[in-house]
file target.tsv (TSV, C-alpha atoms)
chain	number	residue	atom	x	y	z
A	748	MET	CA	0.00	0.00	0.00
A	749	SER	CA	1.41	3.40	-1.02
A	750	ALA	CA	1.86	6.30	1.40
A	751	SER	CA	-0.91	8.19	-0.37
A	752	GLN	CA	-3.34	5.28	0.08
A	753	LYS	CA	-2.40	4.99	3.74
A	754	LEU	CA	-3.05	8.69	4.18
A	755	ARG	CA	-6.46	8.42	2.51
A	756	ARG	CA	-7.38	5.46	4.72
A	757	SER	CA	-6.32	7.33	7.87
A	758	ILE	CA	-8.35	10.37	6.87
A	759	LEU	CA	-11.39	8.20	6.17
A	760	ALA	CA	-11.00	6.30	9.46
A	761	THR	CA	-10.80	9.59	11.38
A	762	TYR	CA	-13.83	10.93	9.51
A	763	GLN	CA	-15.77	7.77	10.36
A	764	LEU	CA	-14.98	8.29	14.04
A	765	GLY	CA	-16.19	11.88	13.74
A	766	LEU	CA	-19.54	10.61	12.45
A	767	TYR	CA	-20.26	9.22	15.93
A	768	LEU	CA	-20.59	12.81	17.16
A	769	TYR	CA	-23.74	13.38	15.12
A	770	PRO	CA	-27.12	12.93	16.81
A	771	ALA	CA	-27.94	9.21	16.69
A	772	GLU	CA	-31.08	9.75	14.60
A	773	PHE	CA	-29.10	11.61	11.90
A	774	ARG	CA	-26.16	9.19	12.12
A	775	GLU	CA	-28.34	6.11	11.72
A	776	CYS	CA	-30.03	7.64	8.71
A	777	TYR	CA	-27.04	9.07	6.84
A	778	ALA	CA	-23.74	7.64	8.15
A	779	GLY	CA	-23.43	5.24	5.18
A	780	GLU	CA	-24.02	8.02	2.66
A	781	LEU	CA	-21.64	10.41	4.43
A	782	ARG	CA	-18.92	7.76	4.46
A	783	ARG	CA	-19.52	6.98	0.78
A	784	CYS	CA	-19.30	10.66	-0.19
A	785	ALA	CA	-16.08	11.08	1.81
A	786	THR	CA	-14.62	7.96	0.16
A	787	ASN	CA	-15.45	9.31	-3.29
A	788	MET	CA	-14.06	12.75	-2.48
A	789	LEU	CA	-10.79	11.25	-1.27
A	790	ALA	CA	-10.55	8.85	-4.20
A	791	GLU	CA	-10.95	11.67	-6.73
A	792	SER	CA	-8.81	14.17	-4.87
A	793	VAL	CA	-5.27	14.97	-5.95
A	794	ALA	CA	-4.65	16.74	-2.61
A	795	PRO	CA	-5.97	14.43	0.16
A	796	LEU	CA	-4.88	16.77	2.95
A	797	ARG	CA	-6.87	19.61	1.45
A	798	THR	CA	-9.88	17.29	1.13
A	799	ALA	CA	-9.37	16.26	4.75
A	800	LEU	CA	-9.56	19.92	5.77
A	801	LEU	CA	-12.74	20.37	3.77
A	802	LEU	CA	-14.26	17.28	5.40
A	803	ALA	CA	-13.22	18.45	8.87
A	804	GLU	CA	-14.66	21.91	8.34
A	805	ASP	CA	-17.90	20.46	6.97
A	806	LEU	CA	-18.11	17.96	9.82
A	807	LEU	CA	-17.69	20.65	12.47
A	808	ARG	CA	-20.13	23.03	10.81
A	809	SER	CA	-22.81	20.40	10.29
A	810	LEU	CA	-22.30	18.95	13.79
A	811	VAL	CA	-23.05	22.37	15.28
A	812	LYS	CA	-26.07	22.78	13.01
A	813	GLU	CA	-27.54	19.33	13.64
A	814	HIS	CA	-27.05	19.57	17.41
A	815	LEU	CA	-28.34	23.12	17.57
A	816	GLY	CA	-31.44	22.11	15.64
A	817	MET	CA	-32.17	19.36	18.16
A	818	THR	CA	-31.12	21.38	21.20
A	819	LEU	CA	-33.35	24.39	20.55
A	820	GLY	CA	-36.41	22.18	20.19
A	821	ARG	CA	-35.65	20.50	23.54
A	822	VAL	CA	-35.11	23.65	25.63
A	823	PRO	CA	-38.55	23.39	27.33
A	824	GLN	CA	-37.59	19.87	28.48
A	825	LEU	CA	-34.44	21.24	30.17
A	826	ALA	CA	-36.39	24.16	31.63
A	827	ILE	CA	-38.81	21.71	33.29
A	828	LEU	CA	-35.94	19.63	34.71
A	829	LEU	CA	-34.12	22.69	36.08
A	830	THR	CA	-37.35	24.02	37.60
A	831	LEU	CA	-37.85	20.65	39.34
A	832	THR	CA	-34.31	20.60	40.79
A	833	THR	CA	-34.72	24.21	41.92
A	834	PHE	CA	-38.02	23.33	43.62
A	835	ILE	CA	-36.52	20.23	45.32
A	836	ALA	CA	-33.38	22.08	46.51
A	837	GLY	CA	-35.46	25.07	47.64
A	838	THR	CA	-37.92	22.90	49.55
A	839	GLY	CA	-35.08	20.91	51.14
A	840	TYR	CA	-33.38	24.11	52.27
A	841	PHE	CA	-36.63	25.63	53.57
A	842	ILE	CA	-37.50	22.52	55.63
A	843	SER	CA	-33.97	22.24	57.05
A	844	GLN	CA	-33.96	25.94	57.94
A	845	GLN	CA	-37.32	25.64	59.71
A	846	VAL	CA	-36.14	22.57	61.68
A	847	LEU	CA	-33.00	24.46	62.75
A	848	ARG	CA	-35.01	27.55	63.71
A	849	MET	CA	-37.57	25.55	65.66
A	850	SER	CA	-34.99	23.48	67.53
A	851	ALA	CA	-33.13	26.71	68.39
A	852	ASN	CA	-36.03	27.48	70.78
A	853	ASP	CA	-35.98	24.19	72.70
A	854	PRO	CA	-33.96	25.26	75.78
A	855	GLN	CA	-35.75	28.63	75.94
A	856	ILE	CA	-39.20	26.97	76.04
A	857	GLN	CA	-38.14	24.86	79.01
A	858	LEU	CA	-36.43	27.80	80.76
A	859	ALA	CA	-39.33	30.26	80.25
A	860	GLU	CA	-42.06	27.82	81.27
A	861	ASP	CA	-40.15	26.61	84.37
A	862	ALA	CA	-39.40	30.17	85.42
A	863	ALA	CA	-43.03	31.24	84.92
A	864	GLN	CA	-44.24	28.25	86.95
A	865	ARG	CA	-41.86	29.02	89.82
A	866	LEU	CA	-42.76	32.74	89.81
A	867	ASN	CA	-46.48	31.89	89.84
A	868	ALA	CA	-45.79	29.56	92.77
A	869	GLY	CA	-44.44	32.55	94.68
A	870	GLU	CA	-40.71	31.87	94.42
A	871	ASP	CA	-38.38	34.86	94.68
A	872	VAL	CA	-37.36	36.32	91.30
A	873	ALA	CA	-33.65	36.35	92.22
A	874	ARG	CA	-33.71	32.57	92.81
A	875	ILE	CA	-35.11	31.59	89.43
A	876	LEU	CA	-32.41	33.33	87.38
A	877	PRO	CA	-29.36	31.34	86.20
A	878	ASP	CA	-26.27	31.93	88.40
A	879	HIS	CA	-23.95	33.57	85.92
A	880	LYS	CA	-24.47	36.73	83.85
A	881	VAL	CA	-24.55	36.32	80.08
A	882	ASP	CA	-23.24	38.83	77.54
A	883	MET	CA	-25.97	38.53	74.89
A	884	ALA	CA	-23.63	39.63	72.07
A	885	ALA	CA	-20.79	37.21	72.87
A	886	SER	CA	-22.24	34.16	74.62
A	887	LEU	CA	-24.38	31.38	73.19
A	888	ALA	CA	-25.69	30.48	76.66
A	889	PRO	CA	-29.44	30.81	77.31
A	890	PHE	CA	-30.55	33.61	79.64
A	891	VAL	CA	-33.69	34.68	81.47
A	892	ILE	CA	-35.13	38.17	81.90
A	893	VAL	CA	-38.18	38.95	84.03
A	894	TYR	CA	-40.36	41.96	83.13
A	895	ASP	CA	-43.21	43.52	85.07
A	896	ASN	CA	-46.73	43.96	83.75
A	897	VAL	CA	-45.87	47.10	81.74
A	898	GLY	CA	-42.71	45.62	80.23
A	899	ARG	CA	-40.03	47.10	82.49
A	900	PRO	CA	-37.13	44.75	83.34
A	901	VAL	CA	-37.27	43.49	86.93
A	902	ALA	CA	-34.37	41.02	86.98
A	903	SER	CA	-32.03	39.68	84.31
A	904	SER	CA	-29.28	37.13	83.86
A	905	ALA	CA	-28.16	38.88	80.63
A	906	SER	CA	-26.95	42.25	79.49
A	907	LEU	CA	-26.08	43.91	76.24
A	908	GLY	CA	-23.62	46.79	76.43
A	909	GLY	CA	-24.26	47.06	80.19
A	910	ALA	CA	-28.05	47.36	79.86
A	911	THR	CA	-30.99	44.98	79.79
A	912	PRO	CA	-32.71	45.14	76.42
A	913	THR	CA	-36.47	44.91	75.99
A	914	PRO	CA	-38.27	43.03	73.20
A	915	PRO	CA	-40.61	45.05	70.96
A	916	HIS	CA	-43.64	46.10	73.04
A	917	GLY	CA	-46.14	44.58	70.63
A	918	VAL	CA	-44.85	41.16	71.66
A	919	PHE	CA	-45.91	41.75	75.29
A	920	GLU	CA	-49.35	42.83	74.12
A	921	PHE	CA	-49.67	39.65	72.08
A	922	VAL	CA	-48.48	37.42	74.95
A	923	ARG	CA	-50.85	39.17	77.36
A	924	SER	CA	-53.75	37.56	75.49
A	925	ASN	CA	-52.01	34.45	74.09
A	926	ARG	CA	-49.91	33.28	77.09
A	927	GLU	CA	-46.74	32.42	75.10
A	928	GLU	CA	-44.92	33.42	71.92
A	929	SER	CA	-41.66	32.54	70.19
A	930	VAL	CA	-39.99	35.53	68.59
A	931	THR	CA	-36.65	36.42	67.04
A	932	TRP	CA	-35.61	39.96	67.80
A	933	GLN	CA	-32.57	42.08	67.16
A	934	PRO	CA	-31.68	44.29	70.11
A	935	ARG	CA	-28.59	45.53	68.25
A	936	PRO	CA	-27.31	45.14	64.68
A	937	GLU	CA	-25.60	41.74	64.27
A	938	VAL	CA	-27.17	40.42	67.50
A	939	ARG	CA	-30.26	38.28	66.89
A	940	ILE	CA	-31.96	36.56	69.79
A	941	ALA	CA	-34.26	33.54	69.56
A	942	SER	CA	-36.58	34.01	72.51
A	943	VAL	CA	-39.66	32.53	74.13
A	944	ILE	CA	-41.88	34.95	76.06
A	945	THR	CA	-44.30	33.58	78.66
A	946	ARG	CA	-47.00	35.32	80.68
A	947	THR	CA	-46.79	35.16	84.50
A	948	ALA	CA	-49.12	36.43	87.19
A	949	GLY	CA	-47.05	39.61	87.66
A	950	GLY	CA	-45.62	40.18	84.21
A	951	PHE	CA	-43.55	38.28	81.66
A	952	VAL	CA	-40.58	35.94	81.47
A	953	VAL	CA	-38.27	36.06	78.46
A	954	ALA	CA	-35.85	33.19	77.87
A	955	GLY	CA	-33.47	33.84	75.00
A	956	ARG	CA	-30.31	32.76	73.27
A	957	ASN	CA	-27.98	34.29	70.67
A	958	MET	CA	-28.73	32.79	67.22
A	959	ARG	CA	-25.17	33.05	65.92
A	960	GLU	CA	-24.49	29.29	65.85
A	961	VAL	CA	-27.91	28.48	64.37
A	962	GLU	CA	-27.31	31.05	61.63
A	963	ILE	CA	-23.89	29.52	60.89
A	964	ARG	CA	-25.60	26.12	60.53
A	965	GLU	CA	-28.25	27.67	58.30
A	966	GLY	CA	-25.47	29.07	56.15
A	967	ARG	CA	-23.91	25.60	55.87
A	968	VAL	CA	-27.25	24.04	54.95
A	969	PHE	CA	-27.73	26.76	52.32
A	970	LYS	CA	-24.29	26.02	50.83
A	971	LEU	CA	-25.05	22.28	50.76
A	972	ALA	CA	-28.42	22.88	49.10
A	973	ALA	CA	-26.79	25.24	46.56
A	974	LEU	CA	-24.03	22.71	45.81
A	975	GLY	CA	-26.58	19.92	45.41
A	976	TRP	CA	-28.66	22.14	43.13
A	977	LEU	CA	-25.59	23.03	41.04
A	978	ALA	CA	-24.36	19.42	40.80
A	979	ALA	CA	-27.82	18.13	39.86
A	980	ASN	CA	-28.25	20.84	37.22
A	981	LEU	CA	-24.80	20.24	35.75
A	982	ALA	CA	-25.45	16.49	35.57
A	983	LEU	CA	-28.92	16.97	34.05
A	984	THR	CA	-27.66	19.52	31.52
A	985	THR	CA	-24.79	17.22	30.49
A	986	ILE	CA	-27.14	14.27	30.06
A	987	TRP	CA	-29.57	16.51	28.20
A	988	LEU	CA	-26.82	17.69	25.84
A	989	LEU	CA	-25.48	14.17	25.21
A	990	THR	CA	-28.88	12.49	24.78
A	991	PRO	CA	-29.10	13.19	21.00
A	992	ILE	CA	-25.70	11.53	20.42
A	993	PHE	CA	-26.87	8.35	22.13
A	994	GLY	CA	-30.23	8.33	20.44
A	995	GLY	CA	-32.59	9.56	23.13
A	996	ALA	CA	-34.04	12.48	21.19
A	997	LYS	CA	-35.91	13.03	17.95
A	998	SER	CA	-35.18	15.96	15.67
A	999	PRO	CA	-37.84	18.65	15.30
A	1000	GLN	CA	-38.99	20.07	11.96
A	1001	LEU	CA	-36.17	22.30	10.70
A	1002	ARG	CA	-35.94	25.38	8.56
A	1003	THR	CA	-35.11	25.31	4.86
A	1004	THR	CA	-35.37	29.02	4.26
A	1005	ALA	CA	-32.89	31.76	5.10
B	652	MET	CA	-42.77	31.92	-12.85
B	653	THR	CA	-45.09	34.88	-12.51
B	654	ARG	CA	-45.01	37.61	-9.91
B	655	SER	CA	-48.10	36.11	-8.22
B	656	ASP	CA	-46.47	32.64	-8.09
B	657	SER	CA	-43.43	34.19	-6.42
B	658	LYS	CA	-45.67	35.99	-3.95
B	659	GLN	CA	-47.45	32.70	-3.22
B	660	ASP	CA	-44.15	30.97	-2.42
B	661	GLN	CA	-43.05	33.80	-0.19
B	662	ASP	CA	-46.35	33.56	1.64
B	663	ALA	CA	-45.80	29.84	2.10
B	664	GLY	CA	-42.44	30.62	3.70
B	665	LEU	CA	-40.43	28.90	0.95
B	666	THR	CA	-38.31	31.88	-0.08
B	667	PRO	CA	-35.70	33.19	0.41
B	668	LEU	CA	-33.92	29.84	0.43
B	669	THR	CA	-30.60	29.23	2.13
B	670	PRO	CA	-27.70	29.02	-0.37
B	671	ALA	CA	-27.30	25.28	0.32
B	672	VAL	CA	-30.99	24.54	-0.27
B	673	PHE	CA	-31.06	26.68	-3.39
B	674	HIS	CA	-28.04	24.93	-4.93
B	675	ILE	CA	-29.36	21.47	-4.06
B	676	LEU	CA	-32.69	22.29	-5.69
B	677	LEU	CA	-30.82	23.60	-8.70
B	678	ALA	CA	-28.71	20.45	-8.89
B	679	LEU	CA	-31.81	18.27	-8.74
B	680	ALA	CA	-33.62	20.34	-11.38
B	681	GLY	CA	-31.86	18.24	-14.03
B	682	GLY	CA	-33.24	14.99	-12.64
B	683	ARG	CA	-32.76	12.50	-9.80
B	684	LYS	CA	-29.32	12.28	-8.25
B	685	HIS	CA	-27.53	10.60	-5.36
B	686	GLY	CA	-25.68	12.62	-2.72
B	687	TYR	CA	-22.22	12.63	-4.22
B	688	ALA	CA	-23.60	13.55	-7.65
B	689	ILE	CA	-25.45	16.48	-6.05
B	690	MET	CA	-22.20	17.62	-4.39
B	691	LYS	CA	-20.39	17.53	-7.72
B	692	GLU	CA	-23.23	19.32	-9.50
B	693	VAL	CA	-23.28	22.05	-6.83
B	694	ALA	CA	-19.53	22.52	-7.25
B	695	ALA	CA	-19.94	22.68	-11.04
B	696	ASP	CA	-22.91	25.13	-10.81
B	697	GLY	CA	-20.82	27.35	-8.56
B	698	GLY	CA	-18.00	27.45	-11.07
B	699	GLY	CA	-15.66	25.74	-8.61
B	700	SER	CA	-16.07	28.48	-6.00
B	701	LEU	CA	-18.82	26.66	-4.11
B	702	ARG	CA	-17.97	23.52	-2.12
B	703	MET	CA	-20.56	21.62	-0.15
B	704	GLY	CA	-19.43	18.88	2.21
B	705	PRO	CA	-21.37	15.67	2.91
B	706	GLY	CA	-22.57	16.81	6.37
B	707	THR	CA	-24.04	20.04	5.02
B	708	LEU	CA	-25.57	18.17	2.06
B	709	TYR	CA	-27.34	15.44	4.05
B	710	GLY	CA	-28.39	17.84	6.81
B	711	SER	CA	-30.00	20.00	4.15
B	712	LEU	CA	-31.54	16.99	2.37
B	713	GLN	CA	-33.06	15.84	5.67
B	714	ARG	CA	-34.68	19.23	6.25
B	715	MET	CA	-35.74	19.54	2.60
B	716	THR	CA	-37.34	16.09	2.68
B	717	ALA	CA	-39.20	17.03	5.86
B	718	ALA	CA	-40.34	20.28	4.19
B	719	GLY	CA	-41.51	18.38	1.11
B	720	LEU	CA	-39.07	20.10	-1.29
B	721	VAL	CA	-37.34	16.86	-2.30
B	722	GLU	CA	-38.16	13.20	-1.94
B	723	GLU	CA	-36.07	10.10	-1.64
B	724	MET	CA	-36.75	7.62	-4.40
B	725	GLU	CA	-37.63	4.10	-3.53
B	726	GLU	CA	-36.08	2.65	-6.67
B	727	VAL	CA	-32.45	1.55	-6.51
B	728	SER	CA	-29.63	2.30	-8.87
B	729	GLU	CA	-28.51	-0.29	-11.37
B	730	GLU	CA	-24.85	0.56	-10.90
B	731	ASP	CA	-24.96	0.80	-7.11
B	732	ASP	CA	-28.01	-0.36	-5.20
B	733	ARG	CA	-26.76	1.07	-1.89
B	734	ARG	CA	-27.00	4.68	-3.02
B	735	ARG	CA	-29.99	6.79	-2.07
B	736	TYR	CA	-31.45	8.92	-4.82
B	737	TYR	CA	-33.31	12.20	-4.46
B	738	ARG	CA	-35.55	14.19	-6.79
B	739	LEU	CA	-37.47	17.46	-6.72
B	740	THR	CA	-41.11	17.50	-5.69
B	741	GLY	CA	-43.65	19.95	-7.09
B	742	ALA	CA	-43.15	22.15	-4.04
B	743	GLY	CA	-39.39	22.02	-4.54
B	744	ARG	CA	-39.73	23.06	-8.16
B	745	ARG	CA	-42.00	25.96	-7.16
B	746	ALA	CA	-39.60	27.01	-4.41
B	747	LEU	CA	-36.71	27.00	-6.88
B	748	GLY	CA	-38.75	29.04	-9.36
B	749	GLY	CA	-39.72	31.49	-6.62
B	750	GLU	CA	-36.12	31.90	-5.57
B	751	LEU	CA	-34.97	32.42	-9.16
B	752	ALA	CA	-37.66	35.07	-9.61
B	753	ARG	CA	-36.53	36.76	-6.41
B	754	LEU	CA	-32.92	36.71	-7.58
B	755	ARG	CA	-33.93	38.04	-11.00
B	756	GLN	CA	-35.72	40.94	-9.35
B	757	ALA	CA	-32.69	41.65	-7.17
B	758	LEU	CA	-30.43	41.51	-10.23
B	759	SER	CA	-32.70	43.92	-12.14
B	760	ALA	CA	-32.71	46.29	-9.19
B	761	ALA	CA	-28.92	46.12	-8.99
B	762	ARG	CA	-28.60	46.81	-12.72
B	763	ARG	CA	-30.95	49.79	-12.46
B	764	LYS	CA	-28.69	51.18	-9.76
B	765	GLY	CA	-25.59	50.57	-11.84
B	766	VAL	CA	-24.18	47.89	-9.58
B	767	SER	CA	-22.11	45.43	-11.58
B	768	ALA	CA	-21.43	41.83	-10.61
B	769	PRO	CA	-17.87	40.95	-9.65
B	770	ALA	CA	-15.83	39.03	-12.18
B	771	ARG	CA	-16.02	35.81	-10.13
B	772	ASN	CA	-18.80	34.32	-8.03
B	773	VAL	CA	-18.43	34.53	-4.27
B	774	ALA	CA	-19.09	31.37	-2.32
B	775	PRO	CA	-22.24	31.62	-0.22

call {"tool": "encode", "arguments": {"input": "target.tsv", "output": "structure tokens"}}
result
Amino acid sequence: MSASQKLRRSILATYQLGLYLYPAEFRECYAGELRRCATNMLAESVAPLRTALLLAEDLLRSLVKEHLGMTLGRVPQLAILLTLTTFIAGTGYFISQQVLRMSANDPQIQLAEDAAQRLNAGEDVARILPDHKVDMAASLAPFVIVYDNVGRPVASSASLGGATPTPPHGVFEFVRSNREESVTWQPRPEVRIASVITRTAGGFVVAGRNMREVEIREGRVFKLAALGWLAANLALTTIWLLTPIFGGAKSPQLRTTA
Amino acid sequence: MTRSDSKQDQDAGLTPLTPAVFHILLALAGGRKHGYAIMKEVAADGGGSLRMGPGTLYGSLQRMTAAGLVEEMEEVSEEDDRRRYYRLTGAGRRALGGELARLRQALSAARRKGVSAPARNVAP
């Protein structure tokens, strides 16, 4: 076999491999004809390398066109898939966030209800407070504050900048008629408190805790949900793009006019 | 092809044709042909300046078949029964006529404005 024949065979073999990149539907229909045309072109060509360039350019151009034709018609399919993954990731994040938020109140519920019970039983206010003082901005420890009937602080195991903060007054009004409420309030920028407010015979008990750690966990859950969403979308988009090559998609009606 | 025929084809969305579709229709105007013969005819019609590769040809033939401009013949060739032959349909012939009329109008307009064609055809 001459060098020229070997070259022609190599070009044809490479071209045949390139045919596998066409959408399966197109490939199954026309691969034989494409191969036959390429064989004829190479057989009649006096410059096989130039013919190879022509074939390569034509292959690339028609690959883009055939795939684009199939891809555009299947965009709604991808849109539905991406909407589904967004909904699943969003719902997962929302549920996780709510579970974290709700469990953030667990110690405060117990503290507030116990303190209210003891105050209603006539125990001295000083005895129901935890022993050590809590800096609300720095510590994650739960604290208790007792307010009188008009919302003035009576005793507190916590302080913020040397003072005892007071929750928004509307909360006391609500608790006055509803006995108990869970509320997140921000006594100072960057300091958010998850608190449970309970009605007592002589006023209100607030048990609270800095939400810093809960918010850090929420941030982690958000990152995980976002990563899962991104990975799922990348995988789905890749599968969606490759489906025509492996024969999982049918071509739509295409344009013949400019 | 009359002006009203051309208008009818434009209304049907058949013109203007892409250069590839136009040249394939033109190649098939002389009778049925297989893919490689169409490629050679297109190259000859273009005076050597127009080259159409197999991918572009069969992609276009697929779309043209779907649009009813050409049809694949069921009969097989005597010299090579594996080849697939194509021929113009009535709609294909009308589309070609409509495109030629459109080009003739454009050429007349260019002549009226004193625009002259270049010495050699430019590949589409």

call {"tool": "residues_near_point", "arguments": {"input": "target.tsv", "point": "(-37.6, 23.4, 74.0)", "cutoff": "12 Å", "atoms": "all atoms listed in the file", "output": "MDAnalysis selection string"}}
result
chainID A and resid 848:861 889 929 941:943 954:956

call {"tool": "atom_distance", "arguments": {"input": "target.tsv", "atom1": "atom CA of Leu796 of chain A", "atom2": "atom CA of Tyr777 of chain A"}}
result
23.8 Å

call {"tool": "closest_residue", "arguments": {"input": "target.tsv", "among": "A:Val918, A:Leu801, A:Leu983, A:Ala868", "to": "chain B", "atoms": "only C-alpha atoms"}}
result
A:Leu801

call {"tool": "residues_around", "arguments": {"input": "target.tsv", "residues": "Pro770 of chain A", "least_positions_apart": "2", "cutoff": "7 Å", "atoms": "all atoms listed in the file", "output": "PyMOL selection string"}}
result
chain A and resi 768+772-774+814+991-992+994

call {"tool": "closest_atom_pairs", "arguments": {"input": "target.tsv", "of": "chain B", "to": "chain A", "cutoff": "8 Å", "atoms": "all atoms listed in the file", "output": "Markdown table"}}
result
| residue | atom | partner | partner_atom | distance |
| --- | --- | --- | --- | --- |
| B:Gly664 | CA | A:Thr1004 | CA | 7.3 |
| B:Leu665 | CA | A:Thr1004 | CA | 6.0 |
| B:Thr666 | CA | A:Thr1004 | CA | 6.0 |
| B:Pro667 | CA | A:Ala1005 | CA | 5.7 |
| B:Leu668 | CA | A:Thr1004 | CA | 4.2 |
| B:Thr669 | CA | A:Ala1005 | CA | 4.5 |
| B:Val672 | CA | A:Thr1003 | CA | 6.6 |
| B:Gly686 | CA | A:Cys784 | CA | 7.1 |
| B:Tyr687 | CA | A:Cys784 | CA | 5.4 |
| B:Met703 | CA | A:Asp805 | CA | 7.7 |
| B:Gly704 | CA | A:Asp805 | CA | 5.2 |
| B:Pro705 | CA | A:Leu781 | CA | 5.5 |
| B:Gly706 | CA | A:Ser809 | CA | 5.3 |
| B:Thr707 | CA | A:Ser809 | CA | 5.4 |
| B:Tyr709 | CA | A:Tyr777 | CA | 7.0 |
| B:Gly710 | CA | A:Glu813 | CA | 7.0 |
| B:Ser711 | CA | A:Thr1003 | CA | 7.4 |
| B:Arg714 | CA | A:Leu1001 | CA | 5.6 |
| B:Met715 | CA | A:Thr1003 | CA | 6.2 |
| B:Ala717 | CA | A:Gln1000 | CA | 6.8 |
| B:Ala718 | CA | A:Thr1003 | CA | 7.3 |
| B:Arg734 | CA | A:Glu780 | CA | 7.2 |
| B:Arg735 | CA | A:Glu780 | CA | 7.7 |

call {"tool": "atom_distance", "arguments": {"input": "target.tsv", "atom1": "atom CA of Leu988 of chain A", "atom2": "atom CA of Thr818 of chain A"}}
result
7.3 Å

call {"tool": "residues_around", "arguments": {"input": "target.tsv", "residues": "segment 873-876 of chain A", "least_positions_apart": "2", "cutoff": "8 Å", "atoms": "all atoms listed in the file", "output": "NGL selection string"}}
result
:A and (862 or 865-866 or 870-871 or 878 or 890-892 or 902-904)
